[in-house]
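File shown: query.cif. Contents: mmCIF, C-alpha atoms, pLDDT in the B column; chains and numbers go by the auth columns.
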data_entry
loop_
_atom_site.group_PDB
_atom_site.id
_atom_site.type_symbol
_atom_site.label_atom_id
_atom_site.label_comp_id
_atom_site.label_asym_id
_atom_site.label_seq_id
_atom_site.Cartn_x
_atom_site.Cartn_y
_atom_site.Cartn_z
_atom_site.B_iso_or_equiv
_atom_site.auth_seq_id
_atom_site.auth_asym_id
ATOM 1 C CA MET A 1 0.000 0.000 0.000 64.00 1 V
ATOM 2 C CA ILE A 2 1.271 3.462 -0.914 74.00 2 V
ATOM 3 C CA GLN A 3 2.031 5.704 2.053 73.00 3 V
ATOM 4 C CA ALA A 4 2.704 9.426 2.192 83.00 4 V
ATOM 5 C CA ASP A 5 4.173 11.280 5.153 89.00 5 V
ATOM 6 C CA LEU A 6 1.507 13.854 5.899 96.00 6 V
ATOM 7 C CA GLN A 7 2.328 14.567 9.533 95.00 7 V
ATOM 8 C CA LYS A 8 1.412 18.152 10.504 93.00 8 V
ATOM 9 C CA ARG A 9 -0.293 18.661 7.139 97.00 9 V
ATOM 10 C CA VAL A 10 -3.853 19.927 6.755 98.00 10 V
ATOM 11 C CA ALA A 11 -5.993 18.418 4.002 98.00 11 V
ATOM 12 C CA VAL A 12 -9.500 19.418 2.927 98.00 12 V
ATOM 13 C CA VAL A 13 -11.600 16.735 1.216 98.00 13 V
ATOM 14 C CA THR A 14 -14.959 17.657 -0.283 98.00 14 V
ATOM 15 C CA GLY A 15 -17.680 15.068 -0.640 97.00 15 V
ATOM 16 C CA ALA A 16 -16.028 13.303 2.293 97.00 16 V
ATOM 17 C CA GLY A 17 -19.135 11.700 3.770 97.00 17 V
ATOM 18 C CA ARG A 18 -19.256 8.638 1.563 95.00 18 V
ATOM 19 C CA GLY A 19 -17.847 6.822 -1.451 96.00 19 V
ATOM 20 C CA ILE A 20 -14.594 8.038 -2.957 97.00 20 V
ATOM 21 C CA GLY A 21 -14.369 11.078 -0.685 97.00 21 V
ATOM 22 C CA LYS A 22 -14.695 8.960 2.433 97.00 22 V
ATOM 23 C CA ALA A 23 -11.989 6.563 1.223 98.00 23 V
ATOM 24 C CA ILE A 24 -9.663 9.477 0.464 98.00 24 V
ATOM 25 C CA ALA A 25 -10.298 11.064 3.854 98.00 25 V
ATOM 26 C CA LEU A 26 -9.588 7.811 5.695 98.00 26 V
ATOM 27 C CA ALA A 27 -6.378 7.263 3.725 98.00 27 V
ATOM 28 C CA LEU A 28 -5.123 10.788 4.433 98.00 28 V
ATOM 29 C CA GLY A 29 -5.930 10.376 8.108 98.00 29 V
ATOM 30 C CA GLN A 30 -3.963 7.137 8.230 96.00 30 V
ATOM 31 C CA CYS A 31 -0.959 8.998 6.802 97.00 31 V
ATOM 32 C CA GLY A 32 -1.022 11.572 9.586 97.00 32 V
ATOM 33 C CA ALA A 33 -2.861 14.492 8.007 98.00 33 V
ATOM 34 C CA HIS A 34 -5.437 16.501 9.900 98.00 34 V
ATOM 35 C CA VAL A 35 -8.389 15.962 7.591 98.00 35 V
ATOM 36 C CA VAL A 36 -11.087 18.592 7.155 98.00 36 V
ATOM 37 C CA LEU A 37 -14.201 16.794 5.980 98.00 37 V
ATOM 38 C CA VAL A 38 -16.624 18.831 3.871 98.00 38 V
ATOM 39 C CA ALA A 39 -20.023 17.652 2.627 97.00 39 V
ATOM 40 C CA ARG A 40 -23.692 18.508 3.006 96.00 40 V
ATOM 41 C CA THR A 41 -24.684 15.750 5.440 96.00 41 V
ATOM 42 C CA ALA A 42 -23.342 16.395 8.936 97.00 42 V
ATOM 43 C CA ALA A 43 -24.171 12.931 10.272 97.00 43 V
ATOM 44 C CA GLN A 44 -22.060 11.236 7.596 97.00 44 V
ATOM 45 C CA LEU A 45 -19.136 13.560 8.296 98.00 45 V
ATOM 46 C CA GLU A 46 -19.299 12.873 12.021 98.00 46 V
ATOM 47 C CA GLU A 47 -19.153 9.135 11.328 98.00 47 V
ATOM 48 C CA VAL A 48 -16.085 9.495 9.085 98.00 48 V
ATOM 49 C CA ALA A 49 -14.405 11.808 11.601 98.00 49 V
ATOM 50 C CA ALA A 50 -15.029 9.291 14.384 98.00 50 V
ATOM 51 C CA THR A 51 -13.473 6.518 12.287 98.00 51 V
ATOM 52 C CA ILE A 52 -10.359 8.626 11.685 98.00 52 V
ATOM 53 C CA ARG A 53 -10.052 9.450 15.384 98.00 53 V
ATOM 54 C CA ARG A 54 -10.467 5.827 16.465 97.00 54 V
ATOM 55 C CA ALA A 55 -7.505 4.992 14.243 96.00 55 V
ATOM 56 C CA GLY A 56 -5.406 7.618 15.999 96.00 56 V
ATOM 57 C CA GLY A 57 -5.867 10.448 13.508 97.00 57 V
ATOM 58 C CA SER A 58 -7.502 13.856 13.701 97.00 58 V
ATOM 59 C CA ALA A 59 -10.356 15.343 11.716 98.00 59 V
ATOM 60 C CA THR A 60 -12.676 18.335 11.580 98.00 60 V
ATOM 61 C CA PRO A 61 -16.124 17.914 9.997 98.00 61 V
ATOM 62 C CA ILE A 62 -17.662 20.964 8.303 98.00 62 V
ATOM 63 C CA ALA A 63 -21.150 20.664 6.857 98.00 63 V
ATOM 64 C CA ALA A 64 -21.355 22.855 3.748 97.00 64 V
ATOM 65 C CA ASP A 65 -22.874 22.885 0.273 96.00 65 V
ATOM 66 C CA ILE A 66 -20.048 23.750 -2.125 97.00 66 V
ATOM 67 C CA SER A 67 -22.491 25.112 -4.695 97.00 67 V
ATOM 68 C CA HIS A 68 -23.156 28.022 -2.300 97.00 68 V
ATOM 69 C CA GLU A 69 -20.381 30.601 -2.319 98.00 69 V
ATOM 70 C CA GLN A 70 -20.735 31.813 1.254 98.00 70 V
ATOM 71 C CA GLY A 71 -20.653 28.248 2.541 97.00 71 V
ATOM 72 C CA VAL A 72 -17.357 27.658 0.730 98.00 72 V
ATOM 73 C CA VAL A 73 -15.864 30.926 1.946 98.00 73 V
ATOM 74 C CA ASP A 74 -16.907 30.212 5.532 98.00 74 V
ATOM 75 C CA ALA A 75 -15.484 26.679 5.427 98.00 75 V
ATOM 76 C CA PHE A 76 -12.044 27.803 4.276 98.00 76 V
ATOM 77 C CA GLU A 77 -12.011 30.726 6.694 98.00 77 V
ATOM 78 C CA ARG A 78 -12.659 28.227 9.472 98.00 78 V
ATOM 79 C CA VAL A 79 -9.724 26.129 8.254 98.00 79 V
ATOM 80 C CA ASN A 80 -7.449 29.161 8.295 98.00 80 V
ATOM 81 C CA GLU A 81 -8.619 30.433 11.677 97.00 81 V
ATOM 82 C CA SER A 82 -8.532 27.094 13.495 97.00 82 V
ATOM 83 C CA LEU A 83 -5.640 25.317 11.793 97.00 83 V
ATOM 84 C CA GLY A 84 -3.583 28.147 10.322 97.00 84 V
ATOM 85 C CA ARG A 85 -2.635 26.442 7.101 97.00 85 V
ATOM 86 C CA LEU A 86 -3.840 24.394 4.132 98.00 86 V
ATOM 87 C CA ASP A 87 -1.527 21.920 2.439 98.00 87 V
ATOM 88 C CA VAL A 88 -3.858 19.736 0.366 98.00 88 V
ATOM 89 C CA LEU A 89 -7.253 20.198 -1.258 98.00 89 V
ATOM 90 C CA VAL A 90 -9.012 17.224 -2.829 98.00 90 V
ATOM 91 C CA ASN A 91 -12.027 18.370 -4.829 98.00 91 V
ATOM 92 C CA ASN A 92 -14.125 15.226 -4.868 98.00 92 V
ATOM 93 C CA ALA A 93 -17.698 16.421 -4.291 97.00 93 V
ATOM 94 C CA GLY A 94 -19.938 15.963 -7.290 96.00 94 V
ATOM 95 C CA ILE A 95 -23.400 14.974 -8.396 95.00 95 V
ATOM 96 C CA GLY A 96 -24.652 13.107 -11.428 94.00 96 V
ATOM 97 C CA LEU A 97 -28.024 13.519 -13.100 95.00 97 V
ATOM 98 C CA PHE A 98 -28.583 11.440 -16.190 95.00 98 V
ATOM 99 C CA GLY A 99 -30.987 11.072 -19.064 96.00 99 V
ATOM 100 C CA PRO A 100 -31.466 11.756 -22.790 97.00 100 V
ATOM 101 C CA LEU A 101 -30.402 15.273 -23.676 97.00 101 V
ATOM 102 C CA ALA A 102 -33.679 15.984 -25.490 98.00 102 V
ATOM 103 C CA GLU A 103 -35.558 15.329 -22.238 97.00 103 V
ATOM 104 C CA PHE A 104 -33.066 16.931 -19.849 98.00 104 V
ATOM 105 C CA THR A 105 -34.170 20.085 -18.013 98.00 105 V
ATOM 106 C CA ALA A 106 -32.148 23.276 -17.835 98.00 106 V
ATOM 107 C CA SER A 107 -32.566 23.320 -14.052 98.00 107 V
ATOM 108 C CA ASP A 108 -30.994 19.849 -13.731 98.00 108 V
ATOM 109 C CA PHE A 109 -28.163 20.927 -16.031 98.00 109 V
ATOM 110 C CA ASP A 110 -27.580 23.965 -13.805 98.00 110 V
ATOM 111 C CA ARG A 111 -27.570 21.764 -10.670 97.00 111 V
ATOM 112 C CA VAL A 112 -24.836 19.539 -12.087 98.00 112 V
ATOM 113 C CA MET A 113 -22.715 22.447 -13.228 98.00 113 V
ATOM 114 C CA GLY A 114 -23.274 24.293 -9.954 98.00 114 V
ATOM 115 C CA VAL A 115 -21.712 21.539 -7.867 97.00 115 V
ATOM 116 C CA ASN A 116 -19.283 19.916 -10.275 98.00 116 V
ATOM 117 C CA VAL A 117 -17.825 23.067 -11.838 98.00 117 V
ATOM 118 C CA ARG A 118 -18.782 26.158 -9.865 98.00 118 V
ATOM 119 C CA GLY A 119 -18.130 24.347 -6.587 98.00 119 V
ATOM 120 C CA VAL A 120 -14.716 23.142 -7.718 98.00 120 V
ATOM 121 C CA PHE A 121 -13.852 26.633 -8.951 98.00 121 V
ATOM 122 C CA MET A 122 -14.785 28.221 -5.616 98.00 122 V
ATOM 123 C CA CYS A 123 -12.897 25.643 -3.558 98.00 123 V
ATOM 124 C CA CYS A 124 -9.817 26.077 -5.748 98.00 124 V
ATOM 125 C CA ARG A 125 -10.050 29.851 -5.405 98.00 125 V
ATOM 126 C CA GLN A 126 -10.253 29.759 -1.611 98.00 126 V
ATOM 127 C CA ALA A 127 -7.472 27.177 -1.406 98.00 127 V
ATOM 128 C CA MET A 128 -5.197 29.295 -3.582 98.00 128 V
ATOM 129 C CA ARG A 129 -5.765 32.271 -1.294 98.00 129 V
ATOM 130 C CA LEU A 130 -4.434 30.205 1.603 98.00 130 V
ATOM 131 C CA MET A 131 -1.647 28.434 -0.298 98.00 131 V
ATOM 132 C CA ILE A 132 -0.131 31.367 -2.212 98.00 132 V
ATOM 133 C CA PRO A 133 1.320 33.126 0.881 97.00 133 V
ATOM 134 C CA ARG A 134 2.999 29.847 1.924 97.00 134 V
ATOM 135 C CA LYS A 135 4.327 29.180 -1.598 97.00 135 V
ATOM 136 C CA SER A 136 3.287 25.539 -1.331 97.00 136 V
ATOM 137 C CA GLY A 137 0.304 23.227 -1.571 98.00 137 V
ATOM 138 C CA TYR A 138 -1.335 20.562 -3.693 98.00 138 V
ATOM 139 C CA ILE A 139 -4.775 20.691 -5.311 98.00 139 V
ATOM 140 C CA ILE A 140 -6.144 17.397 -6.640 98.00 140 V
ATOM 141 C CA ASN A 141 -9.349 17.471 -8.660 98.00 141 V
ATOM 142 C CA ILE A 142 -11.288 14.235 -9.025 98.00 142 V
ATOM 143 C CA SER A 143 -12.597 14.286 -12.569 97.00 143 V
ATOM 144 C CA SER A 144 -13.793 11.204 -14.459 97.00 144 V
ATOM 145 C CA VAL A 145 -13.253 9.127 -17.553 95.00 145 V
ATOM 146 C CA VAL A 146 -15.990 11.327 -19.031 94.00 146 V
ATOM 147 C CA GLY A 147 -13.533 14.193 -18.704 96.00 147 V
ATOM 148 C CA PHE A 148 -12.218 12.985 -22.063 96.00 148 V
ATOM 149 C CA LYS A 149 -14.863 10.496 -23.234 94.00 149 V
ATOM 150 C CA GLY A 150 -18.587 10.739 -23.885 95.00 150 V
ATOM 151 C CA TYR A 151 -21.387 8.281 -23.142 93.00 151 V
ATOM 152 C CA PRO A 152 -25.105 8.352 -24.004 95.00 152 V
ATOM 153 C CA ASN A 153 -27.453 10.000 -21.503 95.00 153 V
ATOM 154 C CA GLN A 154 -24.578 11.685 -19.640 96.00 154 V
ATOM 155 C CA ALA A 155 -24.338 15.035 -21.423 97.00 155 V
ATOM 156 C CA ALA A 156 -24.545 17.281 -18.350 98.00 156 V
ATOM 157 C CA TYR A 157 -22.205 15.164 -16.251 97.00 157 V
ATOM 158 C CA THR A 158 -19.750 14.833 -19.150 98.00 158 V
ATOM 159 C CA ALA A 159 -19.810 18.574 -19.807 98.00 159 V
ATOM 160 C CA SER A 160 -19.089 19.231 -16.134 98.00 160 V
ATOM 161 C CA LYS A 161 -16.104 16.899 -16.028 98.00 161 V
ATOM 162 C CA HIS A 162 -14.685 18.322 -19.260 98.00 162 V
ATOM 163 C CA ALA A 163 -14.967 21.720 -17.568 98.00 163 V
ATOM 164 C CA VAL A 164 -13.117 20.402 -14.503 98.00 164 V
ATOM 165 C CA MET A 165 -10.288 19.346 -16.797 98.00 165 V
ATOM 166 C CA GLY A 166 -10.131 22.793 -18.390 98.00 166 V
ATOM 167 C CA LEU A 167 -10.072 24.438 -14.988 98.00 167 V
ATOM 168 C CA THR A 168 -7.378 22.028 -13.783 98.00 168 V
ATOM 169 C CA LYS A 169 -5.104 22.608 -16.773 98.00 169 V
ATOM 170 C CA SER A 170 -5.321 26.377 -16.530 98.00 170 V
ATOM 171 C CA LEU A 171 -4.855 26.419 -12.758 98.00 171 V
ATOM 172 C CA ALA A 172 -1.856 24.082 -12.957 98.00 172 V
ATOM 173 C CA ALA A 173 -0.100 26.556 -15.243 98.00 173 V
ATOM 174 C CA GLU A 174 -1.075 29.490 -13.044 98.00 174 V
ATOM 175 C CA ALA A 175 -0.234 27.849 -9.725 98.00 175 V
ATOM 176 C CA GLN A 176 3.223 26.517 -10.532 97.00 176 V
ATOM 177 C CA GLY A 177 4.731 29.984 -10.209 96.00 177 V
ATOM 178 C CA HIS A 178 3.544 29.978 -6.605 98.00 178 V
ATOM 179 C CA GLY A 179 5.054 26.574 -5.795 97.00 179 V
ATOM 180 C CA ILE A 180 1.620 24.915 -5.871 98.00 180 V
ATOM 181 C CA ARG A 181 0.921 21.707 -7.784 98.00 181 V
ATOM 182 C CA VAL A 182 -2.410 20.856 -9.405 98.00 182 V
ATOM 183 C CA SER A 183 -3.393 17.430 -10.737 98.00 183 V
ATOM 184 C CA ALA A 184 -6.489 15.628 -11.932 98.00 184 V
ATOM 185 C CA ILE A 185 -7.461 12.013 -11.343 98.00 185 V
ATOM 186 C CA LEU A 186 -9.854 10.577 -13.911 97.00 186 V
ATOM 187 C CA PRO A 187 -11.362 7.291 -12.709 96.00 187 V
ATOM 188 C CA GLY A 188 -13.399 4.974 -14.837 93.00 188 V
ATOM 189 C CA GLY A 189 -16.191 3.029 -13.177 89.00 189 V
ATOM 190 C CA VAL A 190 -15.961 2.983 -9.380 91.00 190 V
ATOM 191 C CA ASP A 191 -18.368 1.104 -7.117 82.00 191 V
ATOM 192 C CA THR A 192 -20.372 4.092 -5.844 87.00 192 V
ATOM 193 C CA GLY A 193 -23.998 5.135 -5.877 76.00 193 V
ATOM 194 C CA LEU A 194 -23.343 7.686 -8.604 78.00 194 V
ATOM 195 C CA VAL A 195 -21.954 5.084 -10.992 68.00 195 V
ATOM 196 C CA GLY A 196 -24.802 2.757 -10.079 65.00 196 V
ATOM 197 C CA ASN A 197 -27.263 5.404 -11.254 65.00 197 V
ATOM 198 C CA ALA A 198 -25.312 6.238 -14.387 62.00 198 V
ATOM 199 C CA ARG A 199 -24.499 2.676 -15.458 72.00 199 V
ATOM 200 C CA PRO A 200 -26.916 0.180 -13.878 75.00 200 V
ATOM 201 C CA ASP A 201 -25.720 -2.319 -16.492 73.00 201 V
ATOM 202 C CA LEU A 202 -22.335 -2.611 -14.765 73.00 202 V
ATOM 203 C CA LYS A 203 -21.939 -5.196 -12.021 70.00 203 V
ATOM 204 C CA PRO A 204 -20.007 -4.327 -8.831 69.00 204 V
ATOM 205 C CA GLY A 205 -17.387 -6.928 -9.705 73.00 205 V
ATOM 206 C CA GLU A 206 -16.659 -5.028 -12.918 77.00 206 V
ATOM 207 C CA LEU A 207 -15.852 -1.815 -11.072 88.00 207 V
ATOM 208 C CA MET A 208 -12.939 -0.363 -9.173 91.00 208 V
ATOM 209 C CA GLN A 209 -13.280 0.422 -5.478 94.00 209 V
ATOM 210 C CA PRO A 210 -13.115 3.874 -3.836 95.00 210 V
ATOM 211 C CA GLU A 211 -9.883 2.822 -2.122 97.00 211 V
ATOM 212 C CA ASP A 212 -8.239 2.532 -5.554 96.00 212 V
ATOM 213 C CA VAL A 213 -8.790 6.241 -6.134 97.00 213 V
ATOM 214 C CA ALA A 214 -7.552 7.009 -2.618 97.00 214 V
ATOM 215 C CA GLN A 215 -4.316 5.186 -3.416 97.00 215 V
ATOM 216 C CA ALA A 216 -3.841 7.412 -6.472 98.00 216 V
ATOM 217 C CA VAL A 217 -4.197 10.470 -4.237 98.00 217 V
ATOM 218 C CA LEU A 218 -1.555 9.102 -1.865 98.00 218 V
ATOM 219 C CA TYR A 219 0.710 8.368 -4.826 97.00 219 V
ATOM 220 C CA LEU A 220 0.582 12.009 -5.911 98.00 220 V
ATOM 221 C CA LEU A 221 1.243 13.223 -2.377 97.00 221 V
ATOM 222 C CA SER A 222 4.174 10.822 -1.962 97.00 222 V
ATOM 223 C CA LEU A 223 6.114 12.249 -4.903 96.00 223 V
ATOM 224 C CA SER A 224 9.151 14.457 -4.608 93.00 224 V
ATOM 225 C CA ASP A 225 8.629 18.214 -4.877 92.00 225 V
ATOM 226 C CA ARG A 226 10.655 17.958 -8.080 94.00 226 V
ATOM 227 C CA VAL A 227 7.835 16.065 -9.784 95.00 227 V
ATOM 228 C CA ALA A 228 4.567 17.343 -11.233 96.00 228 V
ATOM 229 C CA VAL A 229 1.832 15.056 -12.573 98.00 229 V
ATOM 230 C CA ASP A 230 -0.828 16.567 -14.786 97.00 230 V
ATOM 231 C CA GLN A 231 -3.377 13.766 -14.749 98.00 231 V
ATOM 232 C CA ILE A 232 -3.913 10.104 -13.906 97.00 232 V
ATOM 233 C CA TYR A 233 -6.469 7.991 -15.740 97.00 233 V
ATOM 234 C CA LEU A 234 -7.577 4.959 -13.735 96.00 234 V
ATOM 235 C CA ARG A 235 -9.442 2.048 -15.282 92.00 235 V
ATOM 236 C CA ARG A 236 -10.323 -1.482 -14.321 88.00 236 V
ATOM 237 C CA ARG A 237 -7.391 -3.682 -15.375 85.00 237 V
ATOM 238 C CA ASN A 238 -9.375 -5.793 -17.828 76.00 238 V
ATOM 239 C CA SER A 239 -11.354 -2.921 -19.351 75.00 239 V
ATOM 240 C CA SER A 240 -10.607 -1.367 -22.719 71.00 240 V
ATOM 241 C CA PRO A 241 -7.650 1.040 -22.706 71.00 241 V
ATOM 242 C CA PHE A 242 -8.085 4.660 -23.810 62.00 242 V
#
Please rewrite the model in this file as structure tokens.
Amino acid sequence: MIQADLQKRVAVVTGAGRGIGKAIALALGQCGAHVVLVARTAAQLEEVAATIRRAGGSATPIAADISHEQGVVDAFERVNESLGRLDVLVNNAGIGLFGPLAEFTASDFDRVMGVNVRGVFMCCRQAMRLMIPRKSGYIINISSVVGFKGYPNQAAYTASKHAVMGLTKSLAAEAQGHGIRVSAILPGGVDTGLVGNARPDLKPGELMQPEDVAQAVLYLLSLSDRVAVDQIYLRRRNSSPF
């Protein structure tokens, strides 16, 4: 198992209450980071925080909806005021609404973009404001295979993940002058509720697990400061490449 030395580091994980975000939060906690857990459902965050603490780690749960600007601003201000630093941001929170484009509503399209793009933008912005003075930090955006592929009935979700990739590429170029690294992880099918809704035809045994994505996050954080990784595409070993 990949390990990263994250002692005395502060990491924010969005969408940390379940699925991939929960797995990432637990992995960071095991590596010594103080993990700030952000999601809408407070009860889920408290459960994840308790799991991290039982294992000897430390965590702060913050219930917030990242599609709301003031909630994002308040969450990062709390991080700065209580912990005094931010070393890692993992933008994992996202929603998926699916259906034929001809039948898709504009309001549902706006909901997807509001969380998956606007939310990521706002979290990146607030993180940069904390990382720039320290001249260090790592932002990892969890995109998707649909960040470079397209599938039927996934137009809004696909558009949002393509947008995440555009944001990531631009921010990586902008941030490197401040000593901050920015990467994207693009998983294929992972055994989560979102994938179950998008692809009910896929069986759990055909999917990766959330812990596989968490290991990719640890890999990035274990690298030397000399190394920058733009993106990692993860797929099930026996699935079609590219």
For the file shown, report as a VMD selection string the outcome of the PyMOL selection byres ((chain V and resi 114) around 12) at residue level.
chain V and resid 65 to 69 93 to 96 106 to 113 115 to 122 156 to 157 159 to 161 163 to 164
Would you list the contacts of range 225-233 of chain V as a PyMOL selection string, taking every protein, DNA or RNA residue within 10 Å and counting all atoms listed in the file, but skipping same-chain residues closer than 2 positions in sequence?
chain V and resi 136+140-145+147-148+165+168-169+172+176+179-188+213+216-217+220-223+235+241-242
Quick one: of V:Gly99, V:Gly177, V:Gly15, V:Pro152, who's nearest to Ala64 in chain V, counting only C-alpha atoms?
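Closest residue, counting only C-alpha atoms: V:Gly15.
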If I take CA of His178 in chain V and CA of Ile132 in chain V, how far is one from the other in Å, to one decimal?
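Pair CA of His178 in chain V / CA of Ile132 in chain V returns 5.9 Å.
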Applied to the shown file, which residues does the PyMOL selection byres ((chain V and resi 80-82) around 12) return, written as a PyMOL selection string?
chain V and resi 10-12+34+36+60+73-79+83-87+126-127+129-131
Around range 100-113 of chain V, fit a box with edges along x, y and z, padding it by 8 Å on each side, then list its centre and edge lengths in Å to one decimal as AutoDock Vina command-line options.
--center_x -29.1 --center_y 17.9 --center_z -18.1 --size_x 28.8 --size_y 28.2 --size_z 30.8
Atomic separation - CA of Ala39 in chain V relative to CA of Leu207 in chain V, Å:
24.2 Å
Could you please determine the separation between CA of Ile24 in chain V and CA of Lys149 in chain V in Å, to one decimal place?
24.3 Å
Name the residues that the PyMOL selection byres ((chain V and resi 53) around 12) pulls out of this structure, and write them as a CSV table (one decimal) with C-alpha atoms, keeping the file's coordinate frame.
chain,number,residue,atom,x,y,z
V,25,ALA,CA,-10.3,11.1,3.9
V,26,LEU,CA,-9.6,7.8,5.7
V,29,GLY,CA,-5.9,10.4,8.1
V,30,GLN,CA,-4.0,7.1,8.2
V,32,GLY,CA,-1.0,11.6,9.6
V,33,ALA,CA,-2.9,14.5,8.0
V,34,HIS,CA,-5.4,16.5,9.9
V,35,VAL,CA,-8.4,16.0,7.6
V,46,GLU,CA,-19.3,12.9,12.0
V,47,GLU,CA,-19.2,9.1,11.3
V,48,VAL,CA,-16.1,9.5,9.1
V,49,ALA,CA,-14.4,11.8,11.6
V,50,ALA,CA,-15.0,9.3,14.4
V,51,THR,CA,-13.5,6.5,12.3
V,52,ILE,CA,-10.4,8.6,11.7
V,54,ARG,CA,-10.5,5.8,16.5
V,55,ALA,CA,-7.5,5.0,14.2
V,56,GLY,CA,-5.4,7.6,16.0
V,57,GLY,CA,-5.9,10.4,13.5
V,58,SER,CA,-7.5,13.9,13.7
V,59,ALA,CA,-10.4,15.3,11.7
V,60,THR,CA,-12.7,18.3,11.6
V,61,PRO,CA,-16.1,17.9,10.0
